[in-house]
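Engineer: Take a look at run25.cif, mmCIF, C-alpha atoms:
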data_start
#
loop_
_atom_site.label_atom_id
_atom_site.label_comp_id
_atom_site.auth_asym_id
_atom_site.auth_seq_id
_atom_site.Cartn_x
_atom_site.Cartn_y
_atom_site.Cartn_z
CA MET A 1368 151.30 110.12 156.86
CA ASN A 1369 148.12 109.40 155.06
CA TYR A 1370 146.47 108.91 158.41
CA TYR A 1371 147.51 112.42 159.53
CA ASN A 1372 146.43 113.95 156.20
CA ASN A 1373 143.03 112.34 156.55
CA PHE A 1374 142.79 113.53 160.14
CA PHE A 1375 143.56 117.16 159.22
CA ALA A 1376 141.16 116.95 156.29
CA CYS A 1377 138.45 115.78 158.67
CA VAL A 1378 139.22 118.61 161.12
CA LEU A 1379 139.11 121.14 158.26
CA MET A 1380 135.80 119.76 157.00
CA ALA A 1381 134.37 119.85 160.51
CA LEU A 1382 135.43 123.49 160.86
CA LEU A 1383 133.89 124.35 157.48
CA ALA A 1384 130.74 122.50 158.43
CA GLY A 1385 130.60 124.52 161.64
CA ARG A 1386 130.82 127.72 159.61
CA CYS A 1387 128.18 126.50 157.18
CA ALA A 1388 125.94 125.71 160.14
CA ALA A 1389 125.56 129.44 160.69
CA GLN A 1390 123.87 129.83 157.36
CA VAL A 1391 120.47 129.58 155.78
CA GLN A 1392 118.96 128.44 152.51
CA VAL A 1393 117.54 131.16 150.31
CA GLU A 1394 114.68 130.02 148.07
CA ASN A 1395 112.73 131.72 145.26
CA ALA A 1396 114.66 134.96 145.57
CA TRP A 1397 113.77 137.70 143.08
CA ILE A 1398 113.83 141.45 142.65
CA GLN A 1399 110.72 143.30 141.50
CA LEU A 1400 111.35 145.21 138.27
CA ALA A 1401 110.66 148.87 139.04
CA PRO A 1402 109.37 151.52 136.63
CA PRO A 1403 112.09 153.49 134.80
CA ALA A 1404 113.85 156.20 136.81
CA THR A 1405 112.46 154.82 140.04
CA ALA A 1406 115.30 154.80 142.51
CA VAL A 1407 113.98 151.91 144.55
CA ASN A 1408 113.43 148.16 144.14
CA ALA A 1409 112.11 145.48 146.46
CA ALA A 1410 113.63 142.00 146.83
CA TYR A 1411 111.60 139.01 147.98
CA MET A 1412 112.54 135.45 148.98
CA THR A 1413 111.97 132.65 151.44
CA ILE A 1414 114.72 132.19 154.01
CA HIS A 1415 114.91 128.64 155.32
CA ASN A 1416 116.88 127.84 158.44
CA PRO A 1417 117.40 124.06 158.60
CA GLN A 1418 119.62 124.38 161.69
CA LEU A 1419 118.67 123.47 165.24
CA ARG A 1420 119.32 127.01 166.46
CA GLU A 1421 117.97 130.35 165.30
CA GLN A 1422 119.94 132.49 162.86
CA ILE A 1423 120.00 136.26 163.11
CA ILE A 1424 120.64 138.36 160.02
CA VAL A 1425 122.20 141.58 161.27
CA GLY A 1426 123.28 143.15 157.99
CA VAL A 1427 122.48 143.05 154.28
CA SER A 1428 124.43 144.46 151.36
CA ALA A 1429 124.11 144.22 147.58
CA ASP A 1430 126.62 144.60 144.78
CA CYS A 1431 124.18 146.70 142.73
CA CYS A 1432 123.15 149.28 145.25
CA ALA A 1433 124.65 151.45 147.96
CA GLY A 1434 121.59 151.10 150.16
CA VAL A 1435 119.86 147.92 151.33
CA MET A 1436 117.35 147.98 154.13
CA LEU A 1437 115.20 145.33 155.67
CA HIS A 1438 111.63 146.60 155.77
CA LYS A 1439 108.29 145.39 156.92
CA THR A 1440 105.09 146.81 155.48
CA HIS A 1441 102.24 146.90 157.96
CA ARG A 1442 98.88 148.57 158.24
CA GLU A 1443 97.78 151.19 160.71
CA GLY A 1444 94.05 151.48 160.20
CA ASP A 1445 93.59 152.60 156.62
CA LYS A 1446 97.27 153.46 156.12
CA VAL A 1447 100.19 151.36 154.99
CA VAL A 1448 103.39 152.06 156.92
CA MET A 1449 106.93 150.73 156.43
CA ASP A 1450 109.05 149.73 159.43
CA HIS A 1451 112.82 149.59 159.21
CA LEU A 1452 114.19 146.45 160.92
CA GLU A 1453 117.72 146.33 162.34
CA SER A 1454 117.86 142.52 162.22
CA LEU A 1455 115.83 139.50 161.19
CA VAL A 1456 115.53 136.37 163.31
CA VAL A 1457 115.05 133.14 161.40
CA PRO A 1458 113.86 130.61 163.99
CA ALA A 1459 115.35 127.09 164.11
CA GLN A 1460 114.04 124.77 161.44
CA ALA A 1461 111.67 127.39 160.13
CA ARG A 1462 111.06 129.53 157.05
CA VAL A 1463 110.63 133.30 156.99
CA GLN A 1464 108.91 134.74 153.96
CA LEU A 1465 109.86 138.06 152.41
CA ALA A 1466 106.81 138.61 150.22
CA PRO A 1467 104.94 141.51 148.59
CA GLY A 1468 102.94 143.45 151.17
CA GLY A 1469 105.08 142.26 154.11
CA LEU A 1470 108.78 141.78 154.78
CA HIS A 1471 111.12 142.83 151.96
CA LEU A 1472 114.57 144.15 151.24
CA MET A 1473 114.53 147.70 149.91
CA LEU A 1474 117.33 148.38 147.44
CA THR A 1475 118.22 152.02 146.87
CA GLU A 1476 120.97 154.09 145.22
CA ALA A 1477 121.59 151.59 142.41
CA GLN A 1478 124.78 152.25 140.43
CA GLU A 1479 122.80 151.43 137.28
CA GLU A 1480 119.07 151.07 136.84
CA LEU A 1481 118.05 147.44 137.41
CA THR A 1482 116.58 145.80 134.33
CA LEU A 1483 115.33 142.30 133.50
CA ASP A 1484 118.93 141.47 132.43
CA SER A 1485 120.49 142.52 135.74
CA LYS A 1486 122.15 139.94 137.98
CA VAL A 1487 122.43 140.97 141.59
CA LYS A 1488 124.44 139.48 144.45
CA ILE A 1489 123.19 139.99 147.97
CA THR A 1490 125.21 139.26 151.10
CA PHE A 1491 123.70 138.46 154.48
CA SER A 1492 125.79 139.07 157.60
CA PHE A 1493 124.85 136.93 160.59
CA GLY A 1494 125.06 137.60 164.28
CA ASP A 1495 127.95 135.13 164.64
CA GLY A 1496 130.09 137.08 162.20
CA SER A 1497 129.62 134.75 159.22
CA THR A 1498 128.38 135.90 155.84
CA GLN A 1499 126.47 134.31 152.98
CA GLU A 1500 126.19 135.44 149.39
CA PHE A 1501 123.46 134.56 146.91
CA GLY A 1502 122.32 135.68 143.48
CA LEU A 1503 118.96 137.09 142.32
CA ASP A 1504 117.34 137.92 139.00
CA VAL A 1505 115.10 140.88 138.31
CA LYS A 1506 111.60 139.83 137.33
CA GLN A 1507 108.30 141.43 136.43
CA THR A 1508 106.34 139.10 138.71
CA GLY A 1509 107.35 136.59 141.34
CA PRO A 1510 107.30 132.78 141.26
CA MET B 290 21.92 140.87 133.88
CA LEU B 291 25.37 139.49 134.58
CA ASN B 292 25.35 137.50 131.41
CA LYS B 293 24.97 140.52 129.20
CA PRO B 294 27.67 140.59 126.47
CA GLY B 295 28.84 144.14 127.43
CA HIS B 296 29.40 143.13 131.06
CA LYS B 297 31.29 140.01 130.01
CA LYS B 298 33.68 142.05 127.85
CA ARG B 299 34.29 144.50 130.73
CA TRP B 300 35.11 141.62 133.12
CA GLN B 301 37.41 140.05 130.54
CA LEU B 302 39.22 143.37 130.18
CA LEU B 303 39.56 143.70 133.97
CA TYR B 304 40.95 140.17 134.21
CA ALA B 305 43.47 140.92 131.46
CA VAL B 306 44.58 144.15 133.19
CA ALA B 307 44.93 142.29 136.52
CA ILE B 308 47.03 139.55 134.91
CA VAL B 309 49.34 142.04 133.17
CA ALA B 310 49.69 144.07 136.41
CA SER B 311 50.50 140.91 138.41
CA LEU B 312 53.09 139.90 135.85
CA GLY B 313 54.63 143.38 135.94
CA LEU B 314 54.72 143.38 139.74
CA GLY B 315 56.30 139.93 139.69
CA VAL B 316 59.04 141.11 137.33
CA VAL B 317 59.79 144.17 139.51
CA LEU B 318 59.84 142.15 142.75
CA GLY B 319 61.89 139.43 141.11
CA ALA B 320 64.45 141.97 139.88
CA GLN B 321 64.68 143.47 143.37
CA GLN B 322 65.18 140.04 144.87
CA PHE B 323 67.86 139.28 142.27
CA SER B 324 69.76 142.47 143.06
CA ALA B 325 69.52 141.77 146.81
CA ALA B 326 70.76 138.23 146.21
CA SER B 327 73.77 139.43 144.18
CA PRO B 328 75.28 142.29 146.22
CA LEU B 329 78.72 143.71 145.50
CA ALA B 330 81.48 141.34 146.60
CA ALA B 331 84.16 143.77 147.78
CA ALA B 332 83.10 147.38 147.07
CA GLN B 333 81.69 149.30 150.00
CA LEU B 334 79.19 151.86 148.76
CA LEU B 335 78.52 155.18 150.48
CA PRO B 336 74.95 155.70 151.73
CA ALA B 337 74.70 158.51 149.15
CA PRO B 338 77.05 159.61 146.35
CA LYS B 339 79.28 162.62 147.12
CA THR B 340 79.87 165.12 144.31
CA LEU B 341 83.56 165.87 143.83
CA PRO B 342 84.45 169.44 144.77
CA GLU B 343 86.27 171.80 142.41
CA PHE B 344 90.02 171.23 142.53
CA THR B 345 93.12 171.97 140.51
CA LEU B 346 95.85 169.39 140.14
CA GLU B 347 98.31 168.60 137.35
CA ASN B 348 98.31 165.41 135.28
CA HIS B 349 101.42 163.44 134.30
CA ARG B 350 101.51 165.41 131.02
CA SER B 351 101.86 168.68 132.94
CA GLU B 352 98.30 169.78 132.10
CA ALA B 353 96.11 171.42 134.71
CA VAL B 354 93.10 169.24 135.48
CA GLY B 355 89.93 169.71 137.50
CA VAL B 356 86.78 167.81 138.23
CA ASN B 357 86.06 167.32 134.49
CA VAL B 358 88.77 164.67 134.35
CA PHE B 359 86.34 162.42 136.23
CA ARG B 360 83.32 163.03 133.99
CA HIS B 361 82.01 160.65 131.31
CA ARG B 362 83.98 157.63 132.58
CA TRP B 363 84.35 155.51 135.67
CA SER B 364 87.47 156.07 137.77
CA LEU B 365 89.38 154.09 140.37
CA VAL B 366 91.49 156.45 142.48
CA PHE B 367 94.55 155.37 144.46
CA PHE B 368 96.91 157.53 146.55
CA GLY B 369 100.62 156.62 146.75
CA PHE B 370 104.14 157.69 145.74
CA THR B 371 106.65 156.54 143.14
CA SER B 372 109.48 155.74 145.57
CA CYS B 373 107.24 153.15 147.21
CA PRO B 374 109.09 149.83 146.87
CA ASP B 375 106.41 147.38 147.90
CA PHE B 376 102.75 148.34 148.19
CA CYS B 377 102.20 150.83 145.32
CA PRO B 378 103.76 148.72 142.51
CA LEU B 379 101.75 145.75 143.73
CA GLU B 380 98.52 147.73 143.75
CA LEU B 381 99.13 149.33 140.36
CA GLN B 382 99.97 145.94 138.83
CA LYS B 383 96.64 144.69 140.14
CA LEU B 384 94.74 147.70 138.80
CA ALA B 385 96.51 147.39 135.43
CA LYS B 386 95.36 143.77 135.29
CA LEU B 387 91.81 144.91 136.02
CA LEU B 388 91.96 147.41 133.14
CA ASN B 389 93.05 144.60 130.80
CA LEU B 390 90.36 142.22 132.05
CA MET B 391 87.64 144.87 131.80
CA GLY B 392 88.71 145.88 128.29
CA ALA B 393 86.65 148.98 128.94
CA GLY B 394 88.63 151.42 126.78
CA ASP B 395 87.85 155.00 127.75
CA GLU B 396 84.94 153.97 129.97
CA LEU B 397 87.27 153.23 132.89
CA GLN B 398 90.47 154.89 134.09
CA VAL B 399 92.77 154.36 137.03
CA VAL B 400 93.94 157.56 138.70
CA PHE B 401 97.19 157.42 140.67
CA VAL B 402 97.56 160.47 142.92
CA SER B 403 101.09 161.06 144.16
CA VAL B 404 101.12 162.47 147.67
CA ASP B 405 104.87 163.08 147.47
CA PRO B 406 105.14 166.16 145.21
CA GLU B 407 108.70 167.05 146.24
CA ARG B 408 110.12 163.80 144.84
CA ASP B 409 107.50 163.03 142.18
CA GLY B 410 108.01 165.54 139.39
CA GLN B 411 105.99 165.39 136.17
CA GLU B 412 108.52 163.30 134.24
CA LYS B 413 108.99 160.78 137.02
CA LEU B 414 105.23 160.43 137.43
CA ALA B 415 104.74 160.00 133.66
CA ASN B 416 107.38 157.24 133.51
CA TYR B 417 105.87 155.59 136.55
CA VAL B 418 102.22 155.39 135.50
CA GLY B 419 103.10 154.58 131.88
CA PHE B 420 105.12 151.58 133.04
CA PHE B 421 101.99 149.94 134.48
CA HIS B 422 99.30 150.81 131.91
CA PRO B 423 98.53 153.55 129.35
CA GLN B 424 95.09 154.07 130.93
CA ILE B 425 96.54 155.10 134.28
CA LEU B 426 96.36 158.83 134.84
CA GLY B 427 98.96 160.34 137.18
CA LEU B 428 98.00 163.38 139.26
CA ARG B 429 100.22 165.62 141.33
CA GLY B 430 99.93 169.06 142.88
CA SER B 431 100.80 171.33 145.76
CA ASN B 432 100.77 169.81 149.22
CA LEU B 433 97.72 171.85 150.12
CA ALA B 434 95.73 170.89 147.00
CA LEU B 435 96.63 167.21 147.48
CA ALA B 436 95.62 167.27 151.13
CA ASN B 437 92.23 168.79 150.29
CA PHE B 438 91.65 166.30 147.49
CA ALA B 439 92.62 163.33 149.68
CA GLN B 440 90.54 164.61 152.57
CA PHE B 441 87.42 164.61 150.38
CA PHE B 442 87.82 160.85 149.93
CA GLY B 443 88.91 160.28 153.53
CA ALA B 444 92.30 159.07 152.29
CA ALA B 445 94.76 159.44 155.16
CA TYR B 446 98.47 160.02 154.55
CA ASP B 447 101.51 161.62 156.12
CA ARG B 448 105.29 161.49 155.79
CA SER B 449 107.85 160.54 158.39
CA ALA B 450 111.60 161.00 158.62
CA ILE B 451 114.43 160.77 161.11
CA VAL B 452 115.99 164.19 161.58
CA GLU B 453 118.80 164.64 164.09
CA SER B 454 118.02 161.20 165.58
CA LYS B 455 114.36 162.13 166.13
CA LEU B 456 111.39 160.70 164.27
CA ILE B 457 109.31 163.52 162.87
CA THR B 458 105.94 163.28 161.14
CA ILE B 459 104.99 165.71 158.42
CA PRO B 460 101.17 165.82 158.19
CA ALA B 461 99.28 165.94 154.89
CA GLY B 462 99.25 169.42 153.36
CA ILE B 463 102.56 170.54 154.88
CA ASN B 464 105.60 171.18 152.67
CA LEU B 465 108.58 168.96 153.42
CA PRO B 466 111.07 170.76 155.68
CA THR B 467 114.36 171.33 153.86
CA ASN B 468 116.42 169.47 156.50
CA VAL B 469 114.58 166.19 155.83
CA GLY B 470 116.54 165.38 152.65
CA GLU B 471 115.56 162.53 150.31
CA GLN B 472 115.28 159.68 152.80
CA TYR B 473 111.80 159.68 154.26
CA GLN B 474 108.76 157.49 154.24
CA VAL B 475 105.29 158.13 152.97
CA ASN B 476 102.52 156.43 154.89
CA HIS B 477 99.41 156.38 152.77
CA SER B 478 95.87 155.09 152.38
CA THR B 479 95.47 151.61 150.95
CA ARG B 480 91.91 152.07 149.68
CA VAL B 481 90.86 152.33 146.04
CA PHE B 482 88.07 154.89 145.62
CA VAL B 483 85.33 154.62 142.99
CA VAL B 484 84.08 157.70 141.13
CA ASN B 485 81.16 157.42 138.70
CA PRO B 486 80.88 159.19 135.31
CA GLN B 487 78.82 161.98 136.93
CA GLY B 488 81.89 162.93 138.98
CA GLU B 489 80.51 161.48 142.20
CA PHE B 490 82.47 159.48 144.77
CA ILE B 491 80.30 156.43 145.37
CA GLY B 492 82.39 153.96 147.37
CA SER B 493 85.70 152.19 147.78
CA PHE B 494 87.56 148.90 147.87
CA THR B 495 89.48 148.17 151.04
CA SER B 496 92.78 146.42 150.50
CA PRO B 497 93.43 143.52 150.42
CA TYR B 498 90.67 142.59 148.01
CA GLU B 499 90.54 139.88 145.38
CA LEU B 500 90.98 141.08 141.81
CA GLU B 501 88.12 138.82 140.65
CA GLU B 502 85.81 140.49 143.17
CA MET B 503 86.77 143.97 142.01
CA LEU B 504 86.26 142.88 138.40
CA SER B 505 82.80 141.51 139.11
CA ASP B 506 81.83 144.58 141.17
CA MET B 507 83.00 147.03 138.52
CA GLN B 508 81.12 145.09 135.85
CA LYS B 509 77.95 145.35 137.95
CA LEU B 510 78.47 149.03 138.73
CA MET B 511 79.20 149.83 135.09
CA GLY B 512 76.21 147.75 133.96
CA ARG B 513 78.29 145.45 131.79
#
I'd like the structure from this file rewritten - as structure tokens, please.
Structural biologist:
Amino acid sequence: MNYYNNFFACVLMALLAGRCAAQVQVENAWIQLAPPATAVNAAYMTIHNPQLREQIIVGVSADCCAGVMLHKTHREGDKVVMDHLESLVVPAQARVQLAPGGLHLMLTEAQEELTLDSKVKITFSFGDGSTQEFGLDVKQTGP
Amino acid sequence: MLNKPGHKKRWQLLYAVAIVASLGLGVVLGAQQFSAASPLAAAQLLPAPKTLPEFTLENHRSEAVGVNVFRHRWSLVFFGFTSCPDFCPLELQKLAKLLNLMGAGDELQVVFVSVDPERDGQEKLANYVGFFHPQILGLRGSNLALANFAQFFGAAYDRSAIVESKLITIPAGINLPTNVGEQYQVNHSTRVFVVNPQGEFIGSFTSPYELEEMLSDMQKLMGR
């Protein structure tokens, strides 16, 4: 009996491990404190994919805000322009940086203005159907 | 004849004048060499200053302002919008840091010009600039007045939105069409323009620049 229990436990763990394999490690995640009455915040982080295959983030949501968009700031001559990205590829065993002046998550339509006391949960949805949730603090400046 | 006392005194006087003149010339040439050896690190100066034209905009306290707002102090002018999530807060944080490092009081101001008048009302603009630093002046105005003001500096901007599945661009100076709604982007100049206390545009900093370089350049320009 114990043998069978152990076997099923192993199968379950293997299945869970398989699901975890679709996920990434989020490091140094933070949300930029925005001026009062500004309806928009930016979130920055490093996304580390330790897996042997690429991970594709196809959706992002946040518990604080109705709108979350993945944006990339780039320059066109003298102008700064924001591109809206539908997905983000995190290559195998690589890190992708969401940093000021480049890639970032744009949070809009917050239910309540985000302050330094706010705790925010963000959920990534991956191309394989899995999801991953992580928490962020609001800060004046990044790490 | 040559040994006469009068002649000797005249020669001594000539020698003295020549020595003083040489020293003076040396100081002038040395100063020129010093200034050539210590050029500005990041600021790009115009070949000749450009006097600001007359304009009418509104400050973040709802007061009408013209060219006089630039007189008697140095100004760093930046064009942006308050719904900007990434670039503008970063730039204004940097400029606020510069104001603190300069400790220049009323001698230096940062001017944030919103090029998004439909979304950036007076109150929103006041809250926005005040959040970064009390010495940041917010300016807003009609689309036409803003476009003319930006054009003087060569500051490019436009707005873009997706309307009925089509990307449309609204050029500077044009009022936002009513069917655009609230979700649109503002693409704007990244440069910081320098105006001297005579109300003349003299140059700019092209982003990205190092804060330390801007600090050192502004200290040189302001003679500090």
Engineer: Do me a favour and pick out the residues of chain A within 12 Å of chain B, using only C-alpha atoms, as a VMD selection string.
Structural biologist: chain A and resid 1398 to 1411 1434 to 1451 1465 to 1476 1507 to 1509
Engineer: Selected residues, C-alpha atoms, written as a JSON list (two decimals), in the coordinates of the input, please.
Structural biologist:
[["chain", "number", "residue", "atom", "x", "y", "z"],
["A", 1398, "ILE", "CA", 113.83, 141.45, 142.65],
["A", 1399, "GLN", "CA", 110.72, 143.30, 141.50],
["A", 1400, "LEU", "CA", 111.35, 145.21, 138.27],
["A", 1401, "ALA", "CA", 110.66, 148.87, 139.04],
["A", 1402, "PRO", "CA", 109.37, 151.52, 136.63],
["A", 1403, "PRO", "CA", 112.09, 153.49, 134.80],
["A", 1404, "ALA", "CA", 113.85, 156.20, 136.81],
["A", 1405, "THR", "CA", 112.46, 154.82, 140.04],
["A", 1406, "ALA", "CA", 115.30, 154.80, 142.51],
["A", 1407, "VAL", "CA", 113.98, 151.91, 144.55],
["A", 1408, "ASN", "CA", 113.43, 148.16, 144.14],
["A", 1409, "ALA", "CA", 112.11, 145.48, 146.46],
["A", 1410, "ALA", "CA", 113.63, 142.00, 146.83],
["A", 1411, "TYR", "CA", 111.60, 139.01, 147.98],
["A", 1434, "GLY", "CA", 121.59, 151.10, 150.16],
["A", 1435, "VAL", "CA", 119.86, 147.92, 151.33],
["A", 1436, "MET", "CA", 117.35, 147.98, 154.13],
["A", 1437, "LEU", "CA", 115.20, 145.33, 155.67],
["A", 1438, "HIS", "CA", 111.63, 146.60, 155.77],
["A", 1439, "LYS", "CA", 108.29, 145.39, 156.92],
["A", 1440, "THR", "CA", 105.09, 146.81, 155.48],
["A", 1441, "HIS", "CA", 102.24, 146.90, 157.96],
["A", 1442, "ARG", "CA", 98.88, 148.57, 158.24],
["A", 1443, "GLU", "CA", 97.78, 151.19, 160.71],
["A", 1444, "GLY", "CA", 94.05, 151.48, 160.20],
["A", 1445, "ASP", "CA", 93.59, 152.60, 156.62],
["A", 1446, "LYS", "CA", 97.27, 153.46, 156.12],
["A", 1447, "VAL", "CA", 100.19, 151.36, 154.99],
["A", 1448, "VAL", "CA", 103.39, 152.06, 156.92],
["A", 1449, "MET", "CA", 106.93, 150.73, 156.43],
["A", 1450, "ASP", "CA", 109.05, 149.73, 159.43],
["A", 1451, "HIS", "CA", 112.82, 149.59, 159.21],
["A", 1465, "LEU", "CA", 109.86, 138.06, 152.41],
["A", 1466, "ALA", "CA", 106.81, 138.61, 150.22],
["A", 1467, "PRO", "CA", 104.94, 141.51, 148.59],
["A", 1468, "GLY", "CA", 102.94, 143.45, 151.17],
["A", 1469, "GLY", "CA", 105.08, 142.26, 154.11],
["A", 1470, "LEU", "CA", 108.78, 141.78, 154.78],
["A", 1471, "HIS", "CA", 111.12, 142.83, 151.96],
["A", 1472, "LEU", "CA", 114.57, 144.15, 151.24],
["A", 1473, "MET", "CA", 114.53, 147.70, 149.91],
["A", 1474, "LEU", "CA", 117.33, 148.38, 147.44],
["A", 1475, "THR", "CA", 118.22, 152.02, 146.87],
["A", 1476, "GLU", "CA", 120.97, 154.09, 145.22],
["A", 1507, "GLN", "CA", 108.30, 141.43, 136.43],
["A", 1508, "THR", "CA", 106.34, 139.10, 138.71],
["A", 1509, "GLY", "CA", 107.35, 136.59, 141.34]]
Engineer: For the file shown, report as a ChimeraX atom specification the outcome of the PyMOL selection byres ((chain B and resi 386-392) around 9) at residue level.
Structural biologist: /B:381-385,393-394,397-399,422,424,500-501,503-504,507-508
Engineer: I need the residue nearest A:Gln1478 from this list: A:Val1391, A:Ala1429, A:Leu1452, A:Ile1423. Use all atoms listed in the file for the distance.
Structural biologist: A:Ala1429
Engineer: Would you compute the distance between atom CA of B:Arg513 and atom CA of B:Phe367? Give it in Å to one decimal.
Structural biologist: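 Answer for the atom CA of B:Arg513 to atom CA of B:Phe367 separation: 22.9 Å.
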Engineer: Using only C-alpha atoms, which residues sit within 6 Å of A:Leu1483 once same-chain residues fewer than 2 positions away are excluded, as a ChimeraX atom specification?
Structural biologist: /A:1485,1505-1506
Engineer: Using only C-alpha atoms, please write the residues we just selected to a file, as an mmCIF file, in the frame of the given file.
Structural biologist:
data_model
loop_
_atom_site.group_PDB
_atom_site.id
_atom_site.type_symbol
_atom_site.label_atom_id
_atom_site.label_comp_id
_atom_site.auth_asym_id
_atom_site.auth_seq_id
_atom_site.Cartn_x
_atom_site.Cartn_y
_atom_site.Cartn_z
ATOM 1 C CA SER A 1485 120.490 142.520 135.740
ATOM 2 C CA VAL A 1505 115.100 140.880 138.310
ATOM 3 C CA LYS A 1506 111.600 139.830 137.330
#
Engineer: So how far away is atom CA of A:Thr1413 from atom CA of A:Leu1455, in Å?
Structural biologist: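 Atom CA of A:Thr1413 lies 12.5 Å from atom CA of A:Leu1455.
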Engineer: Just checking: using all atoms listed in the file, which residue out of A:Gly1426, A:Pro1417, A:Val1393, A:Met1412 ends up closest to A:Gly1496?
Structural biologist: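 Selected residue with least distance to A:Gly1496: A:Gly1426.
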Engineer: By how many Å are atom CA of B:Ser454 and atom CA of A:Gln1422 apart?
Structural biologist: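 Calculated distance between atom CA of B:Ser454 and atom CA of A:Gln1422 is 28.9 Å.
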Engineer: Find the spatial neighbours of A:Ile1414, counting all atoms listed in the file, within a cut-off of 7 Å - ignore same-chain residues fewer than 5 positions away - and output them as a PDB file with C-alpha atoms, in the frame of the given file.
Structural biologist:
ATOM      1  CA  VAL A1391     120.470 129.580 155.780  1.00  0.00           C
ATOM      2  CA  GLN A1392     118.960 128.440 152.510  1.00  0.00           C
ATOM      3  CA  VAL A1393     117.540 131.160 150.310  1.00  0.00           C
ATOM      4  CA  GLU A1394     114.680 130.020 148.070  1.00  0.00           C
ATOM      5  CA  ARG A1462     111.060 129.530 157.050  1.00  0.00           C
ATOM      6  CA  VAL A1463     110.630 133.300 156.990  1.00  0.00           C
ATOM      7  CA  GLN A1464     108.910 134.740 153.960  1.00  0.00           C
TER       8      GLN A1464
END
Engineer: Of the residues A:Leu1503, A:Ser1492, A:Thr1498, A:Ser1454, which is the one nearest to A:Cys1431, using all atoms listed in the file?
Structural biologist: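 When distances to A:Cys1431 are compared using all atoms listed in the file, the smallest one comes from A:Leu1503.
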Engineer: Give me the residues near B:Ala461 as a count of residues only, where near means some atom within 10 Å (using all atoms listed in the file) and where sequence neighbours in that chain fewer than 2 positions away do not count.
Structural biologist: 20
Engineer: Quick one: residues within 8 Å of B:Ala330, only C-alpha atoms, excluding same-chain residues fewer than 4 positions away - as an MDAnalysis selection string?
Structural biologist: chainID B and resid 502:503 505:506
Engineer: Okay, now the selection with C-alpha atoms, as a PDB file, in the coordinates of the input?
Structural biologist:
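Wrote part_25.pdb, looks like this:
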ATOM      1  CA  GLU B 502      85.810 140.490 143.170  1.00  0.00           C
ATOM      2  CA  MET B 503      86.770 143.970 142.010  1.00  0.00           C
ATOM      3  CA  SER B 505      82.800 141.510 139.110  1.00  0.00           C
ATOM      4  CA  ASP B 506      81.830 144.580 141.170  1.00  0.00           C
TER       5      ASP B 506
END
Engineer: Smallest atom-to-atom distance to B:Pro328: which of B:Ile457, B:Ile491, B:Leu510, B:Val356, using only C-alpha atoms?
Structural biologist: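 Among the listed residues, B:Leu510 lies closest to B:Pro328.
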Engineer: Which residues, protein or nucleic acid, reach to within 6 Å of (124.7, 137.6, 150.3) in the file's coordinates when using only C-alpha atoms, and can you give that as a list in words?
Structural biologist: Ile1489, Thr1490, Phe1491, Gln1499, Glu1500 and Phe1501 of chain A
